Amino acid sequence: MNKSEFISAVAEKSGLSKADAKKAVDAFIETVSSELKAGGKVALLGFGSFSISEKAARKGINPQTKQTIEIAARKSVKFKAGAELNESIK
């Protein structure tokens, strides 16, 4: 399911117009993004939680040249599914 299909599904299930559903989905994405950027965590009870994971700097190997390269430290988004979500897909 891509974003436009998701927006259509939200509009259908909520009774909103597609334009209003798009605004709601965009607002959700923007809110989660800004909270994570600020270093926070977003927990949606029954669905899951979004958080930031710190990846340490490490050494890697370029497979073409077999030379050792330095991979910089970075932050990545982590999602942990909630219990209700896990149960619903079994």
# chains A, B, ... in the order shown; residues from 1 in each chain; ligands from 1
>>> select_by_dssp(residues="chain A", states="strand (DSSP E or B)", output="list in words")
Val42, Ala43, Leu44, Gly48, Ser49, Phe50, Ser51, Ile52, Ser53, Glu54, Lys55, Arg58, Lys59, Gly60, Ile61, Thr68, Ile69, Glu70, Ile71, Arg74, Lys75, Ser76, Val77, Lys78, Phe79, Lys80 and Ala81 of chain A
>>> residues_around(residues="A:Gly82", least_positions_apart="5", cutoff="8 Å", atoms="only C-alpha atoms", output="PyMOL selection string")
chain A and resi 45-49
>>> residues_around(residues="A:Lys80", least_positions_apart="2", cutoff="12 Å", atoms="only C-alpha atoms", output="PyMOL selection string")
chain A and resi 41-53+77-78+82-86
>>> select_by_dssp(residues="stretch 25-63 of chain A", states="helix (DSSP H, G or I)", output="list in words")
Val25, Asp26, Ala27, Phe28, Ile29, Glu30, Thr31, Val32, Ser33, Ser34, Glu35, Leu36 and Lys37 of chain A
>>> write_last_selection(atoms="N, CA, C and O atoms", output="mmCIF file, in the first residue's frame")
data_model
loop_
_atom_site.group_PDB
_atom_site.id
_atom_site.type_symbol
_atom_site.label_atom_id
_atom_site.label_comp_id
_atom_site.auth_asym_id
_atom_site.auth_seq_id
_atom_site.Cartn_x
_atom_site.Cartn_y
_atom_site.Cartn_z
ATOM 1 N N VAL A 25 -3.241 12.646 7.379
ATOM 2 C CA VAL A 25 -2.063 11.785 7.227
ATOM 3 C C VAL A 25 -0.793 12.625 7.194
ATOM 4 O O VAL A 25 0.202 12.303 7.857
ATOM 5 N N ASP A 26 -0.806 13.718 6.443
ATOM 6 C CA ASP A 26 0.360 14.605 6.384
ATOM 7 C C ASP A 26 0.668 15.209 7.749
ATOM 8 O O ASP A 26 1.834 15.331 8.134
ATOM 9 N N ALA A 27 -0.360 15.578 8.504
ATOM 10 C CA ALA A 27 -0.161 16.132 9.845
ATOM 11 C C ALA A 27 0.443 15.077 10.775
ATOM 12 O O ALA A 27 1.326 15.384 11.574
ATOM 13 N N PHE A 28 -0.014 13.835 10.647
ATOM 14 C CA PHE A 28 0.539 12.745 11.459
ATOM 15 C C PHE A 28 2.020 12.560 11.158
ATOM 16 O O PHE A 28 2.846 12.497 12.066
ATOM 17 N N ILE A 29 2.365 12.494 9.884
ATOM 18 C CA ILE A 29 3.761 12.299 9.483
ATOM 19 C C ILE A 29 4.631 13.459 9.955
ATOM 20 O O ILE A 29 5.725 13.266 10.485
ATOM 21 N N GLU A 30 4.133 14.679 9.783
ATOM 22 C CA GLU A 30 4.894 15.865 10.197
ATOM 23 C C GLU A 30 5.089 15.901 11.707
ATOM 24 O O GLU A 30 6.167 16.229 12.201
ATOM 25 N N THR A 31 4.046 15.546 12.452
ATOM 26 C CA THR A 31 4.127 15.550 13.915
ATOM 27 C C THR A 31 5.119 14.513 14.421
ATOM 28 O O THR A 31 5.956 14.806 15.282
ATOM 29 N N VAL A 32 5.047 13.295 13.887
ATOM 30 C CA VAL A 32 5.981 12.241 14.297
ATOM 31 C C VAL A 32 7.405 12.632 13.924
ATOM 32 O O VAL A 32 8.327 12.505 14.739
ATOM 33 N N SER A 33 7.598 13.149 12.719
ATOM 34 C CA SER A 33 8.934 13.555 12.270
ATOM 35 C C SER A 33 9.528 14.644 13.156
ATOM 36 O O SER A 33 10.689 14.558 13.557
ATOM 37 N N SER A 34 8.743 15.656 13.475
ATOM 38 C CA SER A 34 9.271 16.758 14.292
ATOM 39 C C SER A 34 9.565 16.302 15.719
ATOM 40 O O SER A 34 10.546 16.743 16.314
ATOM 41 N N GLU A 35 8.748 15.408 16.267
ATOM 42 C CA GLU A 35 9.008 14.898 17.620
ATOM 43 C C GLU A 35 10.283 14.064 17.654
ATOM 44 O O GLU A 35 11.094 14.185 18.567
ATOM 45 N N LEU A 36 10.483 13.227 16.656
ATOM 46 C CA LEU A 36 11.703 12.413 16.594
ATOM 47 C C LEU A 36 12.924 13.285 16.357
ATOM 48 O O LEU A 36 13.986 13.051 16.930
ATOM 49 N N LYS A 37 12.786 14.315 15.518
ATOM 50 C CA LYS A 37 13.891 15.232 15.254
ATOM 51 C C LYS A 37 14.314 15.954 16.528
ATOM 52 O O LYS A 37 15.484 16.225 16.745
#
>>> atom_distance(atom1="atom CA of A:Glu12", atom2="atom CA of A:Ser88")
20.5 Å
>>> atom_distance(atom1="atom CA of A:Ala19", atom2="atom CA of A:Ile7")
8.7 Å
>>> residues_around(residues="A:Lys18", least_positions_apart="5", cutoff="12 Å", atoms="only C-alpha atoms", output="list in words")
Lys3, Ser4, Glu5, Phe6, Ile7, Ser8, Ala9, Val10, Ala11, Glu12, Lys13, Lys23, Ala24, Val25 and Asp26 of chain A
>>> residues_around(residues="A:Ile71", least_positions_apart="4", cutoff="9 Å", atoms="only C-alpha atoms", output="list in words")
Ala56, Ala57, Arg58, Lys59 and Gly60 of chain A
>>> atom_distance(atom1="atom CA of A:Arg74", atom2="atom CA of A:Lys55")
5.2 Å
